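Pasted below: coords37.cif, mmCIF, C-alpha atoms.
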```
data_target
#
loop_
_atom_site.label_atom_id
_atom_site.label_comp_id
_atom_site.auth_asym_id
_atom_site.auth_seq_id
_atom_site.Cartn_x
_atom_site.Cartn_y
_atom_site.Cartn_z
CA MET A 1 36.03 -28.78 14.72
CA THR A 2 33.49 -26.95 16.83
CA PRO A 3 30.32 -25.26 15.56
CA THR A 4 30.39 -21.50 15.34
CA ALA A 5 27.54 -19.20 14.50
CA VAL A 6 27.53 -17.70 11.04
CA ARG A 7 25.18 -14.82 10.30
CA ASN A 8 23.23 -14.97 7.04
CA LYS A 9 22.90 -11.34 5.93
CA GLU A 10 19.88 -12.09 3.74
CA SER A 11 17.65 -13.32 6.56
CA PHE A 12 15.54 -11.84 9.30
CA SER A 13 16.17 -12.51 12.95
CA PRO A 14 13.79 -15.07 14.48
CA ALA A 15 11.95 -12.22 16.24
CA ALA A 16 11.54 -10.30 12.98
CA ALA A 17 10.32 -13.42 11.16
CA THR A 18 7.79 -14.04 13.96
CA ALA A 19 6.61 -10.42 13.81
CA LEU A 20 6.26 -10.68 10.04
CA TRP A 21 4.24 -13.91 10.40
CA ILE A 22 1.93 -12.28 12.99
CA ALA A 23 1.44 -9.25 10.74
CA LEU A 24 0.67 -11.50 7.75
CA ILE A 25 -1.91 -13.53 9.69
CA ALA A 26 -3.48 -10.31 10.99
CA ALA A 27 -3.72 -8.98 7.43
CA LEU A 28 -5.27 -12.24 6.23
CA CYS A 29 -7.66 -12.16 9.16
CA ILE A 30 -8.75 -8.65 8.20
CA GLY A 31 -9.41 -9.79 4.64
CA GLY A 32 -11.09 -12.98 5.78
CA SER A 33 -13.24 -11.16 8.31
CA THR A 34 -14.78 -9.07 5.58
CA VAL A 35 -15.72 -12.24 3.70
CA PHE A 36 -16.59 -14.65 6.50
CA ALA A 37 -17.59 -12.19 9.29
CA CYS A 38 -18.84 -14.52 12.02
CA ALA A 39 -16.95 -17.55 10.71
CA ALA A 40 -13.42 -16.22 11.19
CA PRO A 41 -10.99 -19.16 11.28
CA PHE A 42 -9.86 -18.85 14.90
CA ALA A 43 -9.53 -22.62 15.36
CA ALA A 44 -7.22 -22.77 12.34
CA ILE A 45 -5.14 -19.85 13.56
CA GLY A 46 -4.96 -21.24 17.10
CA ALA A 47 -3.96 -24.72 15.95
CA LEU A 48 -1.27 -23.43 13.62
CA ALA A 49 0.04 -21.03 16.27
CA ALA A 50 0.15 -23.87 18.81
CA ALA A 51 2.02 -26.18 16.47
CA LYS A 52 4.45 -23.79 14.80
CA MET A 53 5.22 -21.02 17.28
CA GLU A 54 6.55 -20.54 20.77
CA ARG A 55 3.80 -20.24 23.37
CA MET A 56 3.95 -16.45 23.83
CA SER A 57 4.27 -15.71 20.10
CA GLY A 58 1.32 -18.02 19.40
CA LEU A 59 -0.75 -16.31 22.06
CA ILE A 60 0.08 -12.91 20.59
CA LEU A 61 -0.85 -14.16 17.11
CA VAL A 62 -4.26 -15.34 18.30
CA LEU A 63 -4.91 -12.05 20.12
CA VAL A 64 -3.82 -9.93 17.14
CA ALA A 65 -6.07 -11.97 14.84
CA TRP A 66 -9.00 -11.48 17.23
CA VAL A 67 -8.38 -7.72 17.52
CA ALA A 68 -8.17 -7.47 13.72
CA ASN A 69 -11.45 -9.38 13.40
CA GLN A 70 -13.19 -7.13 15.89
CA ALA A 71 -11.81 -3.99 14.23
CA VAL A 72 -13.24 -5.14 10.90
CA GLY A 73 -16.56 -6.04 12.50
CA PHE A 74 -17.07 -2.80 14.36
CA GLY A 75 -15.23 -0.55 11.91
CA LEU A 76 -16.15 -1.84 8.46
CA LEU A 77 -19.08 -4.19 8.89
CA GLU A 78 -20.84 -1.81 11.29
CA TYR A 79 -21.59 -4.26 14.10
CA PRO A 80 -23.98 -2.56 16.51
CA HIS A 81 -22.35 -0.96 19.54
CA THR A 82 -24.36 -2.76 22.19
CA ALA A 83 -23.40 -4.54 25.40
CA THR A 84 -24.46 -7.86 23.88
CA THR A 85 -22.35 -7.38 20.78
CA TYR A 86 -19.31 -6.44 22.87
CA ALA A 87 -19.93 -9.46 25.10
CA TRP A 88 -20.09 -11.74 22.06
CA GLY A 89 -16.83 -10.21 20.82
CA GLY A 90 -15.27 -11.06 24.17
CA ALA A 91 -16.69 -14.59 24.00
CA ILE A 92 -15.17 -15.04 20.54
CA GLY A 93 -11.80 -13.85 21.88
CA LEU A 94 -12.08 -16.22 24.84
CA GLY A 95 -13.02 -19.05 22.47
CA ALA A 96 -10.00 -18.32 20.30
CA LEU A 97 -7.71 -18.45 23.36
CA VAL A 98 -9.33 -21.65 24.67
CA GLY A 99 -8.94 -23.20 21.21
CA PHE A 100 -5.26 -22.22 21.15
CA GLY A 101 -4.79 -23.71 24.62
CA ALA A 102 -6.48 -26.97 23.66
CA ALA A 103 -4.35 -27.29 20.54
CA ARG A 104 -1.22 -26.50 22.55
CA VAL A 105 -1.96 -29.32 25.01
CA ILE A 106 -2.34 -31.80 22.14
CA VAL A 107 0.74 -30.57 20.26
CA ASP A 108 2.91 -30.56 23.39
CA ALA A 109 1.85 -34.12 24.27
CA GLY A 110 2.15 -35.50 20.74
CA LYS A 111 4.93 -37.73 19.53
CA LEU A 112 4.01 -37.71 15.84
CA PRO A 113 4.13 -34.17 14.42
CA VAL A 114 1.59 -34.65 11.61
CA LEU A 115 -0.91 -36.47 13.84
CA SER A 116 -0.42 -33.85 16.58
CA LEU A 117 -1.04 -31.11 14.04
CA VAL A 118 -4.33 -32.66 12.88
CA LEU A 119 -5.49 -33.54 16.40
CA GLY A 120 -4.48 -30.06 17.58
CA PHE A 121 -6.72 -28.57 14.91
CA VAL A 122 -9.63 -30.81 15.95
CA ALA A 123 -9.09 -29.90 19.61
CA ALA A 124 -8.96 -26.18 18.77
CA PHE A 125 -12.18 -26.38 16.76
CA VAL A 126 -14.08 -28.34 19.40
CA ALA A 127 -12.85 -26.10 22.23
CA TYR A 128 -13.71 -22.95 20.28
CA GLN A 129 -17.22 -24.16 19.45
CA MET A 130 -17.85 -25.38 23.00
CA THR A 131 -16.76 -22.02 24.41
CA LEU A 132 -19.14 -20.20 22.08
CA TYR A 133 -21.96 -22.61 22.92
CA ALA A 134 -21.38 -22.03 26.66
CA ALA A 135 -21.40 -18.28 25.99
CA SER A 136 -24.72 -18.62 24.18
CA LEU A 137 -26.25 -20.07 27.33
CA VAL A 138 -25.30 -16.89 29.19
CA LEU A 139 -25.59 -14.27 26.45
CA GLY A 140 -28.49 -15.77 24.58
CA GLY A 141 -28.34 -16.94 21.04
CA SER A 142 -30.31 -18.91 18.58
CA ASP A 143 -30.18 -22.67 18.26
CA TYR A 144 -29.63 -22.07 14.54
CA ALA A 145 -26.17 -20.63 15.27
CA PHE A 146 -25.13 -24.10 16.47
CA SER A 147 -27.11 -26.14 13.97
CA GLY A 148 -25.34 -28.79 11.95
CA GLU A 149 -25.49 -26.56 8.89
CA ILE A 150 -23.74 -23.62 10.57
CA VAL A 151 -21.18 -25.72 12.46
CA TRP A 152 -20.37 -27.55 9.21
CA TYR A 153 -19.88 -24.21 7.42
CA VAL A 154 -17.59 -22.93 10.19
CA LEU A 155 -15.66 -26.22 10.10
CA LYS A 156 -15.20 -25.91 6.33
CA VAL A 157 -13.96 -22.31 6.65
CA ASN A 158 -11.53 -23.36 9.39
CA THR A 159 -10.33 -26.47 7.55
CA LEU A 160 -9.66 -24.58 4.31
CA SER A 161 -8.01 -21.77 6.24
CA PHE A 162 -5.89 -24.24 8.21
CA ALA A 163 -4.68 -25.93 5.02
CA GLY A 164 -4.03 -22.57 3.35
CA LEU A 165 -2.17 -21.16 6.35
CA LEU A 166 -0.11 -24.32 6.67
CA ILE A 167 0.89 -24.08 3.00
CA LEU A 168 1.67 -20.38 3.44
CA GLN A 169 3.77 -21.14 6.51
CA ARG A 170 5.68 -23.84 4.61
CA LEU A 171 6.34 -21.44 1.72
CA ALA A 172 7.49 -18.73 4.12
CA VAL A 173 9.92 -21.11 5.82
CA ALA A 174 11.28 -22.07 2.40
CA LEU A 175 12.15 -18.46 1.57
CA PRO A 176 15.78 -17.73 2.43
CA ALA A 177 14.87 -14.31 3.82
CA LEU A 178 12.62 -15.88 6.48
CA ARG A 179 15.04 -18.53 7.71
CA PRO A 180 16.57 -17.96 11.14
CA ALA A 181 19.39 -15.45 11.05
CA VAL A 182 21.89 -17.73 12.79
CA ALA A 183 23.07 -20.92 11.12
CA PHE A 184 25.75 -23.25 12.39
CA ALA A 185 28.77 -24.13 10.31
CA PRO A 186 31.94 -26.00 11.23
CA ALA A 187 34.78 -23.81 12.37
CA THR A 188 38.04 -23.94 10.49
CA ARG A 189 41.32 -24.56 12.25
#
```
What does the file become when written as structure tokens?
Amino acid sequence: MTPTAVRNKESFSPAAATALWIALIAALCIGGSTVFACAAPFAAIGALAAAKMERMSGLILVLVAWVANQAVGFGLLEYPHTATTYAWGGAIGLGALVGFGAARVIVDAGKLPVLSLVLGFVAAFVAYQMTLYAASLVLGGSDYAFSGEIVWYVLKVNTLSFAGLLILQRLAVALPALRPAVAFAPATR
């Protein structure tokens, strides 16, 4: 018997499931941005995207989350429209991408999925914070923004978000409608 593809009519295509996941994360980022503002969980999003998505889809997810965060900041939270504020928005976006890249390196090199997932999250968080710290040297910023108290708060937000997003991703995968549209079944003679 040879495997043949069987289409499950109740499921989305992989591209549709990926688009749905990106839209869901963007919606959660919008909600989270109103609550956490400057502590958006970009390390959590980047680490999860690096571990659970193809490279391009993960990159798109991180960018969509960043755009959603900036839209909330400038649209709802009334961030000031100044060159410095725009520059900090760009630095946050760069940090999110650097965090995603750092997590991707760890995940791609890892042999143990769970350990790679955790280390990918740590790498994303460190890379994100280091990028923002480097930006503060150029753009100016207060030492308080990188104090132990603030970094700890941002780490807590990211850790809780990472755990929540991981659980959400696991639940989504468990739903029959979000499984890949093509399954393999033995052919009959």
Which protein, DNA or RNA residues have an atom at most 10 Å from (-15.3, -24.1, 8.5), counting only C-alpha atoms? List them as a tab-separated table (two decimals) with C-alpha atoms, keeping the file's coordinate frame.
```tsv
chain	number	residue	atom	x	y	z
A	36	PHE	CA	-16.59	-14.65	6.50
A	39	ALA	CA	-16.95	-17.55	10.71
A	40	ALA	CA	-13.42	-16.22	11.19
A	41	PRO	CA	-10.99	-19.16	11.28
A	42	PHE	CA	-9.86	-18.85	14.90
A	43	ALA	CA	-9.53	-22.62	15.36
A	44	ALA	CA	-7.22	-22.77	12.34
A	125	PHE	CA	-12.18	-26.38	16.76
A	150	ILE	CA	-23.74	-23.62	10.57
A	151	VAL	CA	-21.18	-25.72	12.46
A	152	TRP	CA	-20.37	-27.55	9.21
A	153	TYR	CA	-19.88	-24.21	7.42
A	154	VAL	CA	-17.59	-22.93	10.19
A	155	LEU	CA	-15.66	-26.22	10.10
A	156	LYS	CA	-15.20	-25.91	6.33
A	157	VAL	CA	-13.96	-22.31	6.65
A	158	ASN	CA	-11.53	-23.36	9.39
A	159	THR	CA	-10.33	-26.47	7.55
A	160	LEU	CA	-9.66	-24.58	4.31
A	161	SER	CA	-8.01	-21.77	6.24
A	162	PHE	CA	-5.89	-24.24	8.21
```
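Here CA of Ala51 (chain A) and CA of Phe121 (chain A) stand 9.2 Å from one another.
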query: How would you write, as a ChimeraX atom specification, the residues chosen by the PyMOL selection byres ((chain A and resi 55) around 12) on this structure?
result: /A:18,46-54,56-62,97,100-101,103-105,107-108
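For the atom pair formed by CA of Ile25 (chain A) and CA of Gly99 (chain A), the distance is 16.6 Å, given to one decimal.
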Please list as a PDB file with C-alpha atoms, in the frame of the given file every residue within 10 Å of Ala91 (chain A), counting all atoms listed in the file and excluding residues in the same chain fewer than 5 positions away.
```pdb
ATOM      1  CA  THR A  85     -22.350  -7.380  20.780  1.00  0.00           C
ATOM      2  CA  TYR A  86     -19.310  -6.440  22.870  1.00  0.00           C
ATOM      3  CA  ALA A  96     -10.000 -18.320  20.300  1.00  0.00           C
ATOM      4  CA  LEU A  97      -7.710 -18.450  23.360  1.00  0.00           C
ATOM      5  CA  TYR A 128     -13.710 -22.950  20.280  1.00  0.00           C
ATOM      6  CA  THR A 131     -16.760 -22.020  24.410  1.00  0.00           C
ATOM      7  CA  LEU A 132     -19.140 -20.200  22.080  1.00  0.00           C
ATOM      8  CA  TYR A 133     -21.960 -22.610  22.920  1.00  0.00           C
ATOM      9  CA  ALA A 134     -21.380 -22.030  26.660  1.00  0.00           C
ATOM     10  CA  ALA A 135     -21.400 -18.280  25.990  1.00  0.00           C
ATOM     11  CA  SER A 136     -24.720 -18.620  24.180  1.00  0.00           C
ATOM     12  CA  LEU A 139     -25.590 -14.270  26.450  1.00  0.00           C
TER      13      LEU A 139
END
```
Nearest to Ala172 (chain A), chosen from A:Leu94, A:Ala26, A:Leu20, A:Ala65, with all atoms listed in the file counted in the distances: A:Leu20
query: Just how far from CA of Ala15 (chain A) is CA of Gly110 (chain A), in Å to one decimal?
result: 25.7 Å
query: Which residue gives the smallest distance to Gly120 (chain A) among A:Ala145, A:Ile92, A:Ile45, A:Val67, with only C-alpha atoms counted?
result: A:Ile45
Fill-in result for region 50-86 of chain A, N, CA and C atoms as a PDB file, in the coordinates of the input:
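Output saved as selection.pdb:
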```pdb
ATOM      1  N   ALA A  50      -0.266 -22.906  17.792  1.00  0.00           N
ATOM      2  CA  ALA A  50       0.150 -23.870  18.810  1.00  0.00           C
ATOM      3  C   ALA A  50       1.221 -24.811  18.290  1.00  0.00           C
ATOM      4  N   ALA A  51       1.104 -25.197  17.040  1.00  0.00           N
ATOM      5  CA  ALA A  51       2.020 -26.180  16.470  1.00  0.00           C
ATOM      6  C   ALA A  51       3.316 -25.577  15.955  1.00  0.00           C
ATOM      7  N   LYS A  52       3.297 -24.342  15.520  1.00  0.00           N
ATOM      8  CA  LYS A  52       4.450 -23.790  14.800  1.00  0.00           C
ATOM      9  C   LYS A  52       5.149 -22.630  15.490  1.00  0.00           C
ATOM     10  N   MET A  53       4.635 -22.199  16.640  1.00  0.00           N
ATOM     11  CA  MET A  53       5.220 -21.020  17.280  1.00  0.00           C
ATOM     12  C   MET A  53       5.483 -21.289  18.753  1.00  0.00           C
ATOM     13  N   GLU A  54       6.362 -20.490  19.321  1.00  0.00           N
ATOM     14  CA  GLU A  54       6.550 -20.540  20.770  1.00  0.00           C
ATOM     15  C   GLU A  54       5.253 -20.083  21.431  1.00  0.00           C
ATOM     16  N   ARG A  55       5.066 -20.494  22.662  1.00  0.00           N
ATOM     17  CA  ARG A  55       3.800 -20.240  23.370  1.00  0.00           C
ATOM     18  C   ARG A  55       3.407 -18.759  23.351  1.00  0.00           C
ATOM     19  N   MET A  56       4.294 -17.870  23.746  1.00  0.00           N
ATOM     20  CA  MET A  56       3.950 -16.450  23.830  1.00  0.00           C
ATOM     21  C   MET A  56       3.683 -15.860  22.453  1.00  0.00           C
ATOM     22  N   SER A  57       4.492 -16.209  21.464  1.00  0.00           N
ATOM     23  CA  SER A  57       4.270 -15.710  20.100  1.00  0.00           C
ATOM     24  C   SER A  57       2.939 -16.203  19.558  1.00  0.00           C
ATOM     25  N   GLY A  58       2.607 -17.467  19.837  1.00  0.00           N
ATOM     26  CA  GLY A  58       1.320 -18.020  19.400  1.00  0.00           C
ATOM     27  C   GLY A  58       0.153 -17.308  20.055  1.00  0.00           C
ATOM     28  N   LEU A  59       0.293 -17.035  21.338  1.00  0.00           N
ATOM     29  CA  LEU A  59      -0.750 -16.310  22.060  1.00  0.00           C
ATOM     30  C   LEU A  59      -0.941 -14.918  21.479  1.00  0.00           C
ATOM     31  N   ILE A  60       0.160 -14.247  21.191  1.00  0.00           N
ATOM     32  CA  ILE A  60       0.080 -12.910  20.590  1.00  0.00           C
ATOM     33  C   ILE A  60      -0.592 -12.985  19.217  1.00  0.00           C
ATOM     34  N   LEU A  61      -0.234 -13.990  18.426  1.00  0.00           N
ATOM     35  CA  LEU A  61      -0.850 -14.160  17.110  1.00  0.00           C
ATOM     36  C   LEU A  61      -2.361 -14.291  17.218  1.00  0.00           C
ATOM     37  N   VAL A  62      -2.819 -15.136  18.131  1.00  0.00           N
ATOM     38  CA  VAL A  62      -4.260 -15.340  18.300  1.00  0.00           C
ATOM     39  C   VAL A  62      -4.936 -14.034  18.734  1.00  0.00           C
ATOM     40  N   LEU A  63      -4.327 -13.317  19.658  1.00  0.00           N
ATOM     41  CA  LEU A  63      -4.910 -12.050  20.120  1.00  0.00           C
ATOM     42  C   LEU A  63      -4.934 -10.994  19.017  1.00  0.00           C
ATOM     43  N   VAL A  64      -3.864 -10.906  18.245  1.00  0.00           N
ATOM     44  CA  VAL A  64      -3.820  -9.930  17.140  1.00  0.00           C
ATOM     45  C   VAL A  64      -4.885 -10.271  16.101  1.00  0.00           C
ATOM     46  N   ALA A  65      -5.038 -11.562  15.802  1.00  0.00           N
ATOM     47  CA  ALA A  65      -6.070 -11.970  14.840  1.00  0.00           C
ATOM     48  C   ALA A  65      -7.463 -11.614  15.356  1.00  0.00           C
ATOM     49  N   TRP A  66      -7.699 -11.816  16.643  1.00  0.00           N
ATOM     50  CA  TRP A  66      -9.000 -11.480  17.230  1.00  0.00           C
ATOM     51  C   TRP A  66      -9.245  -9.963  17.187  1.00  0.00           C
ATOM     52  N   VAL A  67      -8.240  -9.189  17.560  1.00  0.00           N
ATOM     53  CA  VAL A  67      -8.380  -7.720  17.520  1.00  0.00           C
ATOM     54  C   VAL A  67      -8.662  -7.266  16.088  1.00  0.00           C
ATOM     55  N   ALA A  68      -7.951  -7.828  15.125  1.00  0.00           N
ATOM     56  CA  ALA A  68      -8.170  -7.470  13.720  1.00  0.00           C
ATOM     57  C   ALA A  68      -9.604  -7.808  13.304  1.00  0.00           C
ATOM     58  N   ASN A  69     -10.083  -8.972  13.710  1.00  0.00           N
ATOM     59  CA  ASN A  69     -11.450  -9.380  13.400  1.00  0.00           C
ATOM     60  C   ASN A  69     -12.470  -8.418  14.003  1.00  0.00           C
ATOM     61  N   GLN A  70     -12.258  -8.037  15.241  1.00  0.00           N
ATOM     62  CA  GLN A  70     -13.190  -7.130  15.890  1.00  0.00           C
ATOM     63  C   GLN A  70     -13.134  -5.730  15.271  1.00  0.00           C
ATOM     64  N   ALA A  71     -11.944  -5.302  14.885  1.00  0.00           N
ATOM     65  CA  ALA A  71     -11.810  -3.990  14.230  1.00  0.00           C
ATOM     66  C   ALA A  71     -12.572  -3.974  12.917  1.00  0.00           C
ATOM     67  N   VAL A  72     -12.489  -5.052  12.156  1.00  0.00           N
ATOM     68  CA  VAL A  72     -13.240  -5.140  10.900  1.00  0.00           C
ATOM     69  C   VAL A  72     -14.737  -5.149  11.207  1.00  0.00           C
ATOM     70  N   GLY A  73     -15.141  -5.937  12.173  1.00  0.00           N
ATOM     71  CA  GLY A  73     -16.560  -6.040  12.500  1.00  0.00           C
ATOM     72  C   GLY A  73     -17.171  -4.716  12.922  1.00  0.00           C
ATOM     73  N   PHE A  74     -16.515  -4.055  13.856  1.00  0.00           N
ATOM     74  CA  PHE A  74     -17.070  -2.800  14.360  1.00  0.00           C
ATOM     75  C   PHE A  74     -16.765  -1.619  13.454  1.00  0.00           C
ATOM     76  N   GLY A  75     -15.628  -1.673  12.752  1.00  0.00           N
ATOM     77  CA  GLY A  75     -15.230  -0.550  11.910  1.00  0.00           C
ATOM     78  C   GLY A  75     -15.803  -0.590  10.506  1.00  0.00           C
ATOM     79  N   LEU A  76     -15.723  -1.749   9.851  1.00  0.00           N
ATOM     80  CA  LEU A  76     -16.150  -1.840   8.460  1.00  0.00           C
ATOM     81  C   LEU A  76     -17.539  -2.464   8.281  1.00  0.00           C
ATOM     82  N   LEU A  77     -17.811  -3.488   9.060  1.00  0.00           N
ATOM     83  CA  LEU A  77     -19.080  -4.190   8.890  1.00  0.00           C
ATOM     84  C   LEU A  77     -20.206  -3.604   9.752  1.00  0.00           C
ATOM     85  N   GLU A  78     -19.868  -2.579  10.494  1.00  0.00           N
ATOM     86  CA  GLU A  78     -20.840  -1.810  11.290  1.00  0.00           C
ATOM     87  C   GLU A  78     -21.631  -2.676  12.264  1.00  0.00           C
ATOM     88  N   TYR A  79     -20.917  -3.535  13.025  1.00  0.00           N
ATOM     89  CA  TYR A  79     -21.590  -4.260  14.100  1.00  0.00           C
ATOM     90  C   TYR A  79     -22.213  -3.226  15.033  1.00  0.00           C
ATOM     91  N   PRO A  80     -23.363  -3.529  15.589  1.00  0.00           N
ATOM     92  CA  PRO A  80     -23.980  -2.560  16.510  1.00  0.00           C
ATOM     93  C   PRO A  80     -23.162  -2.428  17.797  1.00  0.00           C
ATOM     94  N   HIS A  81     -23.089  -1.225  18.297  1.00  0.00           N
ATOM     95  CA  HIS A  81     -22.350  -0.960  19.540  1.00  0.00           C
ATOM     96  C   HIS A  81     -23.288  -1.144  20.719  1.00  0.00           C
ATOM     97  N   THR A  82     -23.495  -2.415  21.056  1.00  0.00           N
ATOM     98  CA  THR A  82     -24.360  -2.760  22.190  1.00  0.00           C
ATOM     99  C   THR A  82     -23.572  -3.628  23.159  1.00  0.00           C
ATOM    100  N   ALA A  83     -24.063  -3.703  24.385  1.00  0.00           N
ATOM    101  CA  ALA A  83     -23.400  -4.540  25.400  1.00  0.00           C
ATOM    102  C   ALA A  83     -23.353  -5.997  24.945  1.00  0.00           C
ATOM    103  N   THR A  84     -24.416  -6.469  24.329  1.00  0.00           N
ATOM    104  CA  THR A  84     -24.460  -7.860  23.880  1.00  0.00           C
ATOM    105  C   THR A  84     -23.431  -8.119  22.785  1.00  0.00           C
ATOM    106  N   THR A  85     -23.310  -7.203  21.858  1.00  0.00           N
ATOM    107  CA  THR A  85     -22.350  -7.380  20.780  1.00  0.00           C
ATOM    108  C   THR A  85     -20.929  -7.360  21.324  1.00  0.00           C
ATOM    109  N   TYR A  86     -20.641  -6.469  22.250  1.00  0.00           N
ATOM    110  CA  TYR A  86     -19.310  -6.440  22.870  1.00  0.00           C
ATOM    111  C   TYR A  86     -19.062  -7.737  23.646  1.00  0.00           C
TER     112      TYR A  86
END
```
